[in-house]
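Engineer: Please find one structure pasted underneath; my questions will follow.
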Amino acid sequence: MAILEVRNVFKLFGGLAACSDVSFSMEPGMIMGLIGPNGAGKTTLFNCITGYYPPTKGEVEFKGQRIDGLSPDKVCKLGMVRTWQKVRPLAKMTVLDNVMVGALARTNSLRAAREIAAEQLEVVKLGPKARFLAGGLPIGERKKLEVARVLATKPEMLLLDEVMGGLNPAESDEIIQLILDIKRRGLTQMVIEHDMKAIMRISDRIVVLNSGEKLAEGLPQEIVNNPEVVTAYLGEAVS
Amino acid sequence: MALFLQSVVSGLLVGGVYALIGIGLTLIFGVMRIINFAHGDLLMMGMYGTWIAFTAWKLDPFLSILLVFPALFLWGAFLQRTFINRVLGALPQNQILLTIGLGLVMSNTAMFLFTSDYRILTTSYSSESFQLAGLSLSSPLAVSFVITATITAILYWFLMKTDTGQAIRATAQDRDAAQLMGINVRWMSILSFGLGAAFAGTAGALISPTYYIFPQVGQPFTLKAFVVVVLGGMGSVVGATLGGLLVGVTESLAAVYISSGLKDLVVYVVFLLILLFKPAGLLGKSRM
Amino acid sequence: MDAMRPSPSPAPRGSARISVAAAVAVVAALAAVPAFVSNPYALHIMILLFLSVIMGSAWNVVGGYAGQYSVGHAAYYGIGAYVTLIFMTQYRIMPWWGTWVAMAAALAVALVIGSITFRLRGPYFVLASIAVAEVIRLTVLNWKSVTNGAEGILSGPIPKIAFGETTIKFISKVPFYYVGLAMVVATVLANLAVQHSKLGYYFQAIREDQDAAHSLGINLTFHKNVALGISAVFTALAGSYYALYVRFIDPSTVLTIDVSVQMVLICIIGGIGTVLGPVIGALVLVALSETLRSNLITDVLISIGAVSAESRVGAFLKEHLSHAHMLIYGVLVVVVILFMPDGILGWVRQSMRRRALAAAGEKR
């Protein structure tokens, strides 16, 4: 049974079609890589799926339930969360408090939330920085904080938007390990990334978007050898 | 029917002044994204400036515009450079509080200097009116409408046809891009705040023959200026022009058909409705 | 951002380490004051202080914690004042019942206003809050049959109330002092309760990043309305207290934007989003306006010889400085926003942090 089904999703801004007839489905526990040149509509797709805004047309089903048009908090409660391309730490709150906010989605007890938060901080190796203000963290740690924060909501599916953007190779490696760890825990993930090596390592399947349309879908090896995909990224001259 | 037309026309005349105030405010917002809560107090300064010129030198209010415009321009530029510029990157809440504070300082200094007594500026033509197509028009308001229209036309020409004007519009559209293209955005900010203040002061000069002059007079004008700007779309000069006329007419009709004491209330209720249903304004765009 | 130093506690930003013992000691000391101090002016100052703390703390819930800067809170203050006095003067309903109705009325209005205005963001929300307050002020001004319009409402003293053997007469300031102290304790406790609860975490998340909060399962409208509701109830309490103490209210004293600005000012001077911030802010503002009003500053300037009593400056100051408090408020707002946006508390914390960082640097 598919955990996520995206059917003929369109998102229009004025006359511009940021997403055009995108469809795919995902099985539980898999990692889907979502790639495409800048402006292809990847983040727009995330936004439509998670309720940041509704799709103009089309349907999104999560665990068999229609979620297109639901507000983000309801989507989170159903078990789907996302991280942001431009990190959004709750700057004036501590690292621990940030993750607690996530944990409070599932519990009303501050004590329980604190425990869950501490756990997730250990998972992303941010434990020692628990009492630091989130706004003061360097970019790599902010990204890890965001992952910890969404993990604390006990999700079934994670949408990661360029979580490796701006990181050095060592930090990217950590994130890759984290993503594989999360997969081992049984969570489903959709990952937007520009780092092709990382995408190749982690993805079970890849969907390629270009100018809002789905250009290709398939196994990593298929995608990397697909001439249309190469052209889309590098322009006509290369092919 | 005659009553209706009469109210509409009077409303249009007053609306011209509202448009002027609104244009100043929308210019400031367009370029700096700052909500200037001291705008009405700038108008108040224009009024007092005109009153002083009239009392001391018998200078006709409409002529004092020649003094008030540059004076308020310099004052606005000073405010921008000294205070507003420091909060351009701060939280919008803090920016708003800053302008509120500046407004309080201006209005209370006026209270200090002039006491809260209501002043009036009576010229020979203050209560004059003339007949046009069977309707009675207030002479001072008619003259101010013509002056407003002229100033607005000049501003429009300035923004569209001159280099500086286009630089201002570029800064309003995309500050970073404008900077990259070599536009001195700091100067643009100073210029627009100065212009905004000058317009507000001029509006004050224009209405001084017909309104009471007192330190707190700016407050309702600030709020109405916001109604005008939101109606027309934040940052749109054309929108502010139309918005001003619309607010003037609404107020006039409310005063005649509901009650004069409630006319402000009607404007604010309309404001809230617009904020709720069409926050991008009736024209739906936020562009200069 | 010099935020690399660990913040002092696992609780959300802003809760200073107030030990329970210290707090109880302070309250006990305050409770003992009327036994030793009988000067009515001194008690009056304390009452003003209590009023300001309640006003500031109330605004803090929605403005400081949830980050929704309403500059129209005079609406709730005025509703509290008017409903209480109208009930007492026209319907003979005593304030110990009437105040509760006033608070309920403010809550109802807040929920209506909230559901309308909370979909607006940032400056649009501020504008809407001001417009709403003006609508309410103009309504009160024009609804003469109920509110007496611009003439306001003048009330007689609160009738005495008897508990068994004791009778409390609301003639002297002492009963007002104790009621005020109780209200302050209640308000501060409420702020503490909010801050150390799930609500507090959610409010602050909304303040820091609304969209992120939304995506983490937080229902924005609901929580903003809860914050506003709590805030409105305590603001109305303050308005009710003021009305009963001063016994005269009119639209120009309880419903103007000056009142709204004052509430915001109390908070930002002390430090928004903290429990102690409004207390500090209230201390500063009350001290300032009373020294102005009593011509203390002018007298000091004259006594140290900076200004001569006969000179024009001296005479000018003597006559006008006492009315200058709104002007000083304006200057204060500008100064605080430019140089201390986190308030006095924030400034103190930053200097402590810098000193700690410097000390840590030296140790190496």
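As shown in the structure tokens, the chain order sets the letters A, B, ...; within each chain, residues go from 1, and ligands are also counted from 1 in the order they appear.
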Excluding Asn39 in chain C and any residue of its chain fewer than 5 positions from it, enumerate the residues within 10 Å of it, using only C-alpha atoms, and give them as a PDB file with C-alpha atoms, in the first residue's frame.

Structural biologist:
```
ATOM      1  CA  PRO C  34       0.556  49.575  54.828  1.00  0.00           C
ATOM      2  CA  HIS C  44      -0.997  55.939  45.753  1.00  0.00           C
ATOM      3  CA  LYS C 173      -6.279  53.635  49.897  1.00  0.00           C
TER       4      LYS C 173
END
```

Engineer: Sorted by chain and rising residue number, which residues of range 179-246 of chain B lie within 10 Å of range 154-160 of chain B, and what are their closest atom pairs and distances in Å to one decimal, counting only C-alpha atoms, as CSV?

Structural biologist:
```
residue,atom,partner,partner_atom,distance
B:Leu195,CA,B:Leu155,CA,9.6
B:Val237,CA,B:Tyr156,CA,8.0
B:Val238,CA,B:Tyr156,CA,8.6
```

Engineer: Go ahead and dump the residues you just picked, C-alpha atoms, as a CSV table (one decimal), in the first residue's frame.

Structural biologist:
```csv
chain,number,residue,atom,x,y,z
B,195,LEU,CA,9.3,63.5,-0.2
B,237,VAL,CA,1.0,55.9,-6.1
B,238,VAL,CA,-1.9,55.5,-8.5
```

Engineer: Provide as a list in words the residues of chain A at most 7 Å from chain C, counting only C-alpha atoms.

Structural biologist: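 On the chain A side, the interface is Pro72, Asp73, Lys74, Cys76, Lys77, Val81, Arg88, Leu90, Ala91, Lys92, Met93, Asp97, Val101, Gly102, Ala105, Asn108, Leu110, Arg131, Phe132, Leu133 and Gly136 of chain A.
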
Engineer: Using only C-alpha atoms, which protein or nucleic acid residues come within 7 Å of Ala205 in chain B? Drop anything in the same chain fewer than 2 positions from it, and give the result as number ranges by chain.

Structural biologist: B: 46-47, 50, 61-62, 65, 201-203, 207-208

Engineer: For chain C, list the residues within 10 Å of chain B, counting only C-alpha atoms, and write the list as a ChimeraX atom specification.

Structural biologist: /C:63,67-71,116-120,122-139,141-142,257-258,261,264-265,268,316,320-321,323-339,341

Engineer: Could you pull out the helix (DSSP H, G or I) residues of range 113-241 of chain C, going by DSSP on the backbone, and write them as a PyMOL selection string?

Structural biologist: chain C and resi 113-117+122-142+144-147+149-151+174-195+198-208+210-215+220-241

Engineer: Between B:Ala2, B:Ile147, B:Leu141, B:Leu72, which is the closest to Ser127 in chain B once you count only C-alpha atoms?

Structural biologist: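 The closest residue to Ser127 in chain B is B:Leu141.
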
Engineer: Between CA of Glu251 in chain B and CA of Leu231 in chain B, measure the distance and give it in Å to one decimal.

Structural biologist: 14.1 Å

Engineer: Quick one: distance from CA of Gly64 in chain A to CA of Thr221 in chain C in Å, one decimal?

Structural biologist: 27.5 Å

Engineer: Need to verify the contact set: Ile272 in chain C, 7 Å, only C-alpha atoms, exclusion of same-chain residues closer than 3 positions in sequence. Can you return it as a PyMOL selection string?

Structural biologist: chain C and resi 60+64+267-268+277+342-343

Engineer: Report, in Å with one decimal, the straight-line distance from CA of Tyr48 in chain B to CA of Leu67 in chain B.

Structural biologist: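 So the answer is 12.2 Å.
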